[in-house]
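One file, run-v4.pdb, carrying PDB, C-alpha atoms, pLDDT in the B column:
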ATOM      1  CA  MET I   1       0.000   0.000   0.000  1.00 59.00           C
ATOM      2  CA  ALA I   2       1.211   3.487  -0.785  1.00 73.00           C
ATOM      3  CA  LEU I   3       2.047   5.953   1.964  1.00 82.00           C
ATOM      4  CA  ALA I   4       1.783   8.942  -0.358  1.00 88.00           C
ATOM      5  CA  HIS I   5       2.056  10.231  -3.887  1.00 91.00           C
ATOM      6  CA  ILE I   6       5.097  12.483  -4.165  1.00 93.00           C
ATOM      7  CA  ASN I   7       7.516  14.214  -6.513  1.00 94.00           C
ATOM      8  CA  LEU I   8      11.244  14.441  -5.927  1.00 96.00           C
ATOM      9  CA  SER I   9      13.157  17.591  -6.817  1.00 97.00           C
ATOM     10  CA  VAL I  10      16.886  18.166  -6.875  1.00 97.00           C
ATOM     11  CA  LYS I  11      18.874  21.230  -7.850  1.00 97.00           C
ATOM     12  CA  GLN I  12      22.086  21.257  -9.875  1.00 97.00           C
ATOM     13  CA  TYR I  13      24.307  24.347  -9.834  1.00 97.00           C
ATOM     14  CA  PHE I  14      26.472  25.506 -12.738  1.00 98.00           C
ATOM     15  CA  ASN I  15      29.404  27.872 -12.264  1.00 97.00           C
ATOM     16  CA  PHE I  16      32.940  28.335 -13.580  1.00 96.00           C
ATOM     17  CA  MET I  17      34.010  25.096 -11.826  1.00 96.00           C
ATOM     18  CA  CYS I  18      32.238  22.880 -14.405  1.00 93.00           C
ATOM     19  CA  ARG I  19      33.390  19.269 -14.534  1.00 94.00           C
ATOM     20  CA  THR I  20      31.317  17.605 -17.261  1.00 96.00           C
ATOM     21  CA  ASP I  21      30.595  18.549 -20.866  1.00 96.00           C
ATOM     22  CA  PHE I  22      26.933  19.013 -19.972  1.00 97.00           C
ATOM     23  CA  GLU I  23      27.809  21.425 -17.148  1.00 97.00           C
ATOM     24  CA  ARG I  24      30.171  23.381 -19.408  1.00 97.00           C
ATOM     25  CA  ARG I  25      27.538  23.711 -22.137  1.00 97.00           C
ATOM     26  CA  ILE I  26      24.927  24.961 -19.657  1.00 98.00           C
ATOM     27  CA  PHE I  27      27.383  27.415 -18.077  1.00 98.00           C
ATOM     28  CA  HIS I  28      28.749  28.855 -21.333  1.00 97.00           C
ATOM     29  CA  ASP I  29      25.448  28.888 -23.234  1.00 98.00           C
ATOM     30  CA  THR I  30      23.551  30.620 -20.420  1.00 98.00           C
ATOM     31  CA  TYR I  31      26.299  33.209 -19.942  1.00 98.00           C
ATOM     32  CA  LYS I  32      26.374  33.967 -23.659  1.00 97.00           C
ATOM     33  CA  GLU I  33      22.585  34.349 -23.644  1.00 97.00           C
ATOM     34  CA  PHE I  34      22.754  36.502 -20.496  1.00 97.00           C
ATOM     35  CA  GLN I  35      25.155  38.841 -22.274  1.00 95.00           C
ATOM     36  CA  LYS I  36      22.760  39.192 -25.217  1.00 95.00           C
ATOM     37  CA  LYS I  37      19.401  39.351 -23.464  1.00 95.00           C
ATOM     38  CA  SER I  38      20.342  41.482 -20.447  1.00 94.00           C
ATOM     39  CA  LYS I  39      21.531  44.530 -22.386  1.00 89.00           C
ATOM     40  CA  ILE I  40      18.069  46.113 -22.262  1.00 90.00           C
ATOM     41  CA  TYR I  41      18.187  45.964 -18.447  1.00 90.00           C
ATOM     42  CA  SER I  42      21.746  47.292 -18.048  1.00 85.00           C
ATOM     43  CA  LEU I  43      20.763  50.958 -18.438  1.00 77.00           C
ATOM     44  CA  ASP I  44      23.468  51.837 -20.941  1.00 74.00           C
ATOM     45  CA  GLN I  45      26.045  49.711 -19.103  1.00 71.00           C
ATOM     46  CA  HIS I  46      25.616  51.460 -15.744  1.00 84.00           C
ATOM     47  CA  ILE I  47      24.234  48.229 -14.256  1.00 92.00           C
ATOM     48  CA  HIS I  48      26.052  44.967 -14.862  1.00 92.00           C
ATOM     49  CA  THR I  49      24.893  42.367 -12.312  1.00 95.00           C
ATOM     50  CA  PHE I  50      21.673  40.393 -12.480  1.00 96.00           C
ATOM     51  CA  SER I  51      20.695  41.353  -8.922  1.00 95.00           C
ATOM     52  CA  GLN I  52      21.087  45.055  -9.775  1.00 94.00           C
ATOM     53  CA  MET I  53      18.945  44.575 -12.880  1.00 94.00           C
ATOM     54  CA  GLN I  54      16.210  42.952 -10.792  1.00 94.00           C
ATOM     55  CA  LYS I  55      16.210  45.834  -8.291  1.00 93.00           C
ATOM     56  CA  VAL I  56      15.883  48.453 -11.017  1.00 91.00           C
ATOM     57  CA  ASN I  57      13.440  46.602 -13.263  1.00 91.00           C
ATOM     58  CA  ALA I  58      11.239  43.697 -12.156  1.00 92.00           C
ATOM     59  CA  LYS I  59      10.936  42.641 -15.813  1.00 94.00           C
ATOM     60  CA  ALA I  60      14.543  41.441 -15.596  1.00 94.00           C
ATOM     61  CA  ASN I  61      13.104  38.279 -14.012  1.00 95.00           C
ATOM     62  CA  ALA I  62      12.105  37.270 -17.546  1.00 96.00           C
ATOM     63  CA  LEU I  63      15.794  36.455 -18.061  1.00 96.00           C
ATOM     64  CA  HIS I  64      15.316  33.165 -16.167  1.00 96.00           C
ATOM     65  CA  GLN I  65      13.020  31.917 -18.893  1.00 96.00           C
ATOM     66  CA  LYS I  66      15.035  33.447 -21.748  1.00 96.00           C
ATOM     67  CA  LEU I  67      18.171  31.659 -20.584  1.00 96.00           C
ATOM     68  CA  GLN I  68      16.245  28.407 -20.223  1.00 96.00           C
ATOM     69  CA  TYR I  69      15.219  28.593 -23.880  1.00 96.00           C
ATOM     70  CA  ALA I  70      18.910  28.824 -24.790  1.00 96.00           C
ATOM     71  CA  VAL I  71      19.672  25.452 -23.173  1.00 97.00           C
ATOM     72  CA  MET I  72      16.490  23.496 -23.911  1.00 97.00           C
ATOM     73  CA  ASN I  73      18.308  21.255 -26.413  1.00 97.00           C
ATOM     74  CA  ASN I  74      20.898  20.377 -23.764  1.00 97.00           C
ATOM     75  CA  ILE I  75      18.175  19.537 -21.245  1.00 97.00           C
ATOM     76  CA  THR I  76      16.267  17.517 -23.851  1.00 97.00           C
ATOM     77  CA  ALA I  77      19.450  15.537 -24.574  1.00 97.00           C
ATOM     78  CA  LEU I  78      19.296  14.202 -20.999  1.00 97.00           C
ATOM     79  CA  GLU I  79      16.309  12.099 -22.114  1.00 97.00           C
ATOM     80  CA  ASN I  80      14.445  12.925 -18.895  1.00 98.00           C
ATOM     81  CA  LYS I  81      17.179  11.365 -16.713  1.00 98.00           C
ATOM     82  CA  MET I  82      18.343  13.466 -13.776  1.00 97.00           C
ATOM     83  CA  PRO I  83      22.124  13.851 -13.964  1.00 96.00           C
ATOM     84  CA  VAL I  84      22.384  14.386 -10.203  1.00 96.00           C
ATOM     85  CA  LEU I  85      20.010  11.802  -8.713  1.00 97.00           C
ATOM     86  CA  SER I  86      20.168   8.033  -9.023  1.00 96.00           C
ATOM     87  CA  ASP I  87      18.708   5.123  -7.127  1.00 96.00           C
ATOM     88  CA  LEU I  88      20.910   2.694  -5.192  1.00 96.00           C
ATOM     89  CA  GLU I  89      21.466   0.658  -8.367  1.00 96.00           C
ATOM     90  CA  GLU I  90      22.879   3.770 -10.100  1.00 96.00           C
ATOM     91  CA  ARG I  91      19.850   4.133 -12.399  1.00 96.00           C
ATOM     92  CA  PRO I  92      19.049   7.828 -12.903  1.00 97.00           C
ATOM     93  CA  VAL I  93      15.720   9.010 -11.519  1.00 97.00           C
ATOM     94  CA  LEU I  94      13.494  10.379 -14.258  1.00 97.00           C
ATOM     95  CA  PHE I  95      12.279  13.963 -14.442  1.00 97.00           C
ATOM     96  CA  ASN I  96       9.401  15.494 -16.343  1.00 96.00           C
ATOM     97  CA  TRP I  97      10.078  19.129 -15.437  1.00 96.00           C
ATOM     98  CA  ALA I  98      13.305  21.130 -15.429  1.00 97.00           C
ATOM     99  CA  GLU I  99      13.472  24.794 -14.487  1.00 97.00           C
ATOM    100  CA  LEU I 100      16.482  27.069 -14.880  1.00 98.00           C
ATOM    101  CA  HIS I 101      17.135  29.841 -12.378  1.00 98.00           C
ATOM    102  CA  ILE I 102      19.790  32.563 -12.496  1.00 98.00           C
ATOM    103  CA  CYS I 103      21.451  32.709  -9.077  1.00 97.00           C
ATOM    104  CA  ASP I 104      23.616  35.630 -10.134  1.00 96.00           C
ATOM    105  CA  SER I 105      25.560  36.889 -13.097  1.00 97.00           C
ATOM    106  CA  ASP I 106      27.737  39.799 -14.083  1.00 96.00           C
ATOM    107  CA  LEU I 107      28.260  41.261 -17.544  1.00 95.00           C
ATOM    108  CA  LEU I 108      31.818  42.206 -16.552  1.00 94.00           C
ATOM    109  CA  ASN I 109      32.831  38.958 -14.843  1.00 96.00           C
ATOM    110  CA  LYS I 110      32.011  35.527 -16.291  1.00 97.00           C
ATOM    111  CA  GLY I 111      33.325  33.922 -13.099  1.00 97.00           C
ATOM    112  CA  ALA I 112      30.377  35.411 -11.183  1.00 97.00           C
ATOM    113  CA  HIS I 113      27.846  33.646 -13.412  1.00 98.00           C
ATOM    114  CA  VAL I 114      25.900  30.974 -11.504  1.00 98.00           C
ATOM    115  CA  VAL I 115      22.710  29.274 -12.646  1.00 98.00           C
ATOM    116  CA  SER I 116      20.820  26.267 -11.375  1.00 98.00           C
ATOM    117  CA  ILE I 117      18.431  23.744 -12.844  1.00 98.00           C
ATOM    118  CA  THR I 118      15.805  22.161 -10.627  1.00 98.00           C
ATOM    119  CA  TYR I 119      14.700  18.758 -11.897  1.00 98.00           C
ATOM    120  CA  THR I 120      11.321  17.441 -10.722  1.00 97.00           C
ATOM    121  CA  SER I 121      10.248  13.829 -11.086  1.00 97.00           C
ATOM    122  CA  PRO I 122       6.874  12.677 -12.345  1.00 95.00           C
ATOM    123  CA  LYS I 123       4.408  11.442  -9.731  1.00 93.00           C
ATOM    124  CA  LEU I 124       5.975   8.709  -7.636  1.00 94.00           C
ATOM    125  CA  ILE I 125       4.381   6.321  -5.197  1.00 94.00           C
ATOM    126  CA  LEU I 126       6.074   6.287  -1.810  1.00 93.00           C
ATOM    127  CA  HIS I 127       5.773   2.736  -0.478  1.00 93.00           C
ATOM    128  CA  GLU I 128       8.002   2.890   2.566  1.00 92.00           C
ATOM    129  CA  ILE I 129      10.668   4.874   4.366  1.00 92.00           C
ATOM    130  CA  ILE I 130      13.489   2.822   5.886  1.00 94.00           C
ATOM    131  CA  GLY I 131      16.018   4.976   7.702  1.00 94.00           C
ATOM    132  CA  ASP I 132      17.297   7.396   5.055  1.00 94.00           C
ATOM    133  CA  LEU I 133      15.944   5.384   2.104  1.00 96.00           C
ATOM    134  CA  LEU I 134      12.747   5.993   0.180  1.00 95.00           C
ATOM    135  CA  ILE I 135      11.148   2.940  -1.444  1.00 95.00           C
ATOM    136  CA  LEU I 136       9.380   4.299  -4.528  1.00 95.00           C
ATOM    137  CA  SER I 137       7.808   3.347  -7.810  1.00 94.00           C
ATOM    138  CA  TYR I 138       6.632   5.337 -10.780  1.00 93.00           C
ATOM    139  CA  SER I 139       2.875   5.742 -10.997  1.00 85.00           C
ATOM    140  CA  GLY I 140       1.539   2.934 -13.184  1.00 80.00           C
ATOM    141  CA  LYS I 141       4.654   0.790 -12.623  1.00 83.00           C
ATOM    142  CA  GLU I 142       4.151  -0.190  -8.976  1.00 77.00           C
ATOM    143  CA  GLU I 143       5.900  -3.566  -9.442  1.00 80.00           C
ATOM    144  CA  GLU I 144       9.219  -1.865 -10.358  1.00 87.00           C
ATOM    145  CA  THR I 145      10.525  -0.280  -7.170  1.00 93.00           C
ATOM    146  CA  LEU I 146      13.544   1.934  -6.710  1.00 94.00           C
ATOM    147  CA  MET I 147      15.377   2.957  -3.578  1.00 96.00           C
ATOM    148  CA  VAL I 148      16.581   6.541  -3.269  1.00 97.00           C
ATOM    149  CA  LYS I 149      18.772   7.792  -0.471  1.00 96.00           C
ATOM    150  CA  ILE I 150      17.578  10.969   1.245  1.00 94.00           C
ATOM    151  CA  THR I 151      20.244  13.661   0.978  1.00 92.00           C
ATOM    152  CA  GLU I 152      20.366  17.310   1.982  1.00 91.00           C
ATOM    153  CA  ASN I 153      19.794  18.495  -1.599  1.00 91.00           C
ATOM    154  CA  LEU I 154      16.762  16.250  -2.199  1.00 94.00           C
ATOM    155  CA  MET I 155      13.368  17.864  -1.801  1.00 95.00           C
ATOM    156  CA  VAL I 156      10.258  15.737  -1.359  1.00 91.00           C
ATOM    157  CA  ASN I 157       7.040  17.363  -2.534  1.00 88.00           C
ATOM    158  CA  TYR I 158       3.976  15.673  -1.073  1.00 76.00           C
ATOM    159  CA  GLN I 159       1.046  15.579  -3.441  1.00 66.00           C
ATOM    160  CA  GLN I 160      -1.418  13.277  -1.744  1.00 60.00           C
ATOM    161  CA  TYR I 161      -1.488  11.100   1.346  1.00 57.00           C
ATOM    162  CA  GLU I 162      -3.156   7.746   1.239  1.00 54.00           C
ATOM    163  CA  SER I 163      -5.365   6.700   4.145  1.00 54.00           C
ATOM    164  CA  LEU I 164      -7.470   3.732   5.018  1.00 49.00           C
ATOM    165  CA  VAL I 165     -11.201   4.269   5.018  1.00 49.00           C
ATOM    166  CA  TYR I 166     -13.295   2.215   7.423  1.00 53.00           C
ATOM    167  CA  SER I 167     -17.022   1.850   7.060  1.00 43.00           C
TER     168      SER I 167
END

Take the structure in the file and give it back as structure tokens.
Amino acid sequence: MALAHINLSVKQYFNFMCRTDFERRIFHDTYKEFQKKSKIYSLDQHIHTFSQMQKVNAKANALHQKLQYAVMNNITALENKMPVLSDLEERPVLFNWAELHICDSDLLNKGAHVVSITYTSPKLILHEIIGDLLILSYSGKEEETLMVKITENLMVNYQQYESLVYS
């Protein structure tokens, strides 16, 4: 019996310390797009950081989405497999939603550019919690369970609790 229906979310950060090709592509592509798309918010180059742009013009928040469009092909290439979350058998957990967020950036300093992608799984069935392990299955595939270790960067989003009904 299911304890709850949940989603798992995990965030991956991208900065100048990239280690994989995927991380490098996200970092460089989003910075290049930031340079292009943020010019209208830089007030003739008097403002150069993303946080300054947000303070002066709330419309600068649209840059999150504009940068995400620039890396959609890279995210699609992941084939809905989270690069930063696997089960105990090293199978990547699937995601059906990925959202890019600009943590900060600077038109004058590429090293200050930091973005994150939050990956969110499809609906999962939580069967049991054993210590720091979640016993899960994908909705519709209850016979195929996976065990995921709870870590500090894992967020569990409760959608629905299951309860017994007595009559």

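The smallest atom-to-atom distance between His48 (chain I) and any of I:Ala2, I:Val93, I:Leu107, I:Ala98, using all atoms listed in the file, is found for I:Leu107.
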
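If you look at CA of Phe34 (chain I) and CA of Phe16 (chain I), they are 14.8 Å away from each other.
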
Q. Quick one: residues within 12 Å of Ile150 (chain I), only C-alpha atoms counted, chain neighbours fewer than 4 positions away excluded, as a PyMOL selection string?
A. chain I and resi 8-10+85-88+129-135+154-156

Can you spit out the residues from that selection as a PDB file, in the coordinates of the input, using C-alpha atoms?
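Result file is result-v6.pdb:
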ATOM      1  CA  LEU I   8      11.244  14.441  -5.927  1.00 96.00           C
ATOM      2  CA  SER I   9      13.157  17.591  -6.817  1.00 97.00           C
ATOM      3  CA  VAL I  10      16.886  18.166  -6.875  1.00 97.00           C
ATOM      4  CA  LEU I  85      20.010  11.802  -8.713  1.00 97.00           C
ATOM      5  CA  SER I  86      20.168   8.033  -9.023  1.00 96.00           C
ATOM      6  CA  ASP I  87      18.708   5.123  -7.127  1.00 96.00           C
ATOM      7  CA  LEU I  88      20.910   2.694  -5.192  1.00 96.00           C
ATOM      8  CA  ILE I 129      10.668   4.874   4.366  1.00 92.00           C
ATOM      9  CA  ILE I 130      13.489   2.822   5.886  1.00 94.00           C
ATOM     10  CA  GLY I 131      16.018   4.976   7.702  1.00 94.00           C
ATOM     11  CA  ASP I 132      17.297   7.396   5.055  1.00 94.00           C
ATOM     12  CA  LEU I 133      15.944   5.384   2.104  1.00 96.00           C
ATOM     13  CA  LEU I 134      12.747   5.993   0.180  1.00 95.00           C
ATOM     14  CA  ILE I 135      11.148   2.940  -1.444  1.00 95.00           C
ATOM     15  CA  LEU I 154      16.762  16.250  -2.199  1.00 94.00           C
ATOM     16  CA  MET I 155      13.368  17.864  -1.801  1.00 95.00           C
ATOM     17  CA  VAL I 156      10.258  15.737  -1.359  1.00 91.00           C
TER      18      VAL I 156
END

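Those residues that approach Gln52 (chain I) to within 12 Å, counting all atoms listed in the file, are I:Ser38, I:Tyr41, I:Ser42, I:Leu43, I:Gln45, I:His46, I:Ile47, I:His48, I:Thr49, I:Lys55, I:Val56, I:Asn57, I:Ala58, I:Ala60, I:Asn61, I:Asp104, I:Ser105, I:Asp106, I:Leu107; same-chain residues fewer than 3 positions away are not listed.
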
Give me, as a tab-separated table, the closest atom pair and its distance (Å, one decimal) for every residue of region 31-66 of chain I within a cut-off of 12 Å of region 114-124 of chain I, counting only C-alpha atoms, rows sorted by chain and rising number.
residue	atom	partner	partner_atom	distance
I:Tyr31	CA	I:Val114	CA	8.7
I:Phe34	CA	I:Val115	CA	10.7
I:Thr49	CA	I:Val114	CA	11.5
I:Phe50	CA	I:Val114	CA	10.4
I:Ser51	CA	I:Val114	CA	11.9
I:Leu63	CA	I:Val115	CA	11.3
I:His64	CA	I:Val115	CA	9.1
I:Gln65	CA	I:Ile117	CA	11.5

Q: One decimal, Å: what's the distance from CA of Ala112 (chain I) over to CA of Lys66 (chain I), could you say?
A: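 Answer for the CA of Ala112 (chain I) to CA of Lys66 (chain I) separation: 18.7 Å.
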
Q: For CA of Val148 (chain I) and CA of Tyr13 (chain I), determine how far apart the two atoms are, in Å to one decimal place.
A: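 Calculated distance between CA of Val148 (chain I) and CA of Tyr13 (chain I) is 20.5 Å.
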
Name the residues, using the chain letters and numbers of the file, that sit within 12 Å of (0.6, 1.0, -11.8) when counting all atoms listed in the file, and give them as a compact mmCIF listing (two decimals) with C-alpha atoms, in the coordinates of the input.
# COMPACT_ATOMS: atom_id res chain seq x y z
CA MET I 1 0.00 0.00 0.00
CA ALA I 2 1.21 3.49 -0.78
CA LYS I 123 4.41 11.44 -9.73
CA LEU I 124 5.98 8.71 -7.64
CA ILE I 125 4.38 6.32 -5.20
CA LEU I 136 9.38 4.30 -4.53
CA SER I 137 7.81 3.35 -7.81
CA TYR I 138 6.63 5.34 -10.78
CA SER I 139 2.88 5.74 -11.00
CA GLY I 140 1.54 2.93 -13.18
CA LYS I 141 4.65 0.79 -12.62
CA GLU I 142 4.15 -0.19 -8.98
CA GLU I 143 5.90 -3.57 -9.44
CA GLU I 144 9.22 -1.86 -10.36
CA THR I 145 10.52 -0.28 -7.17
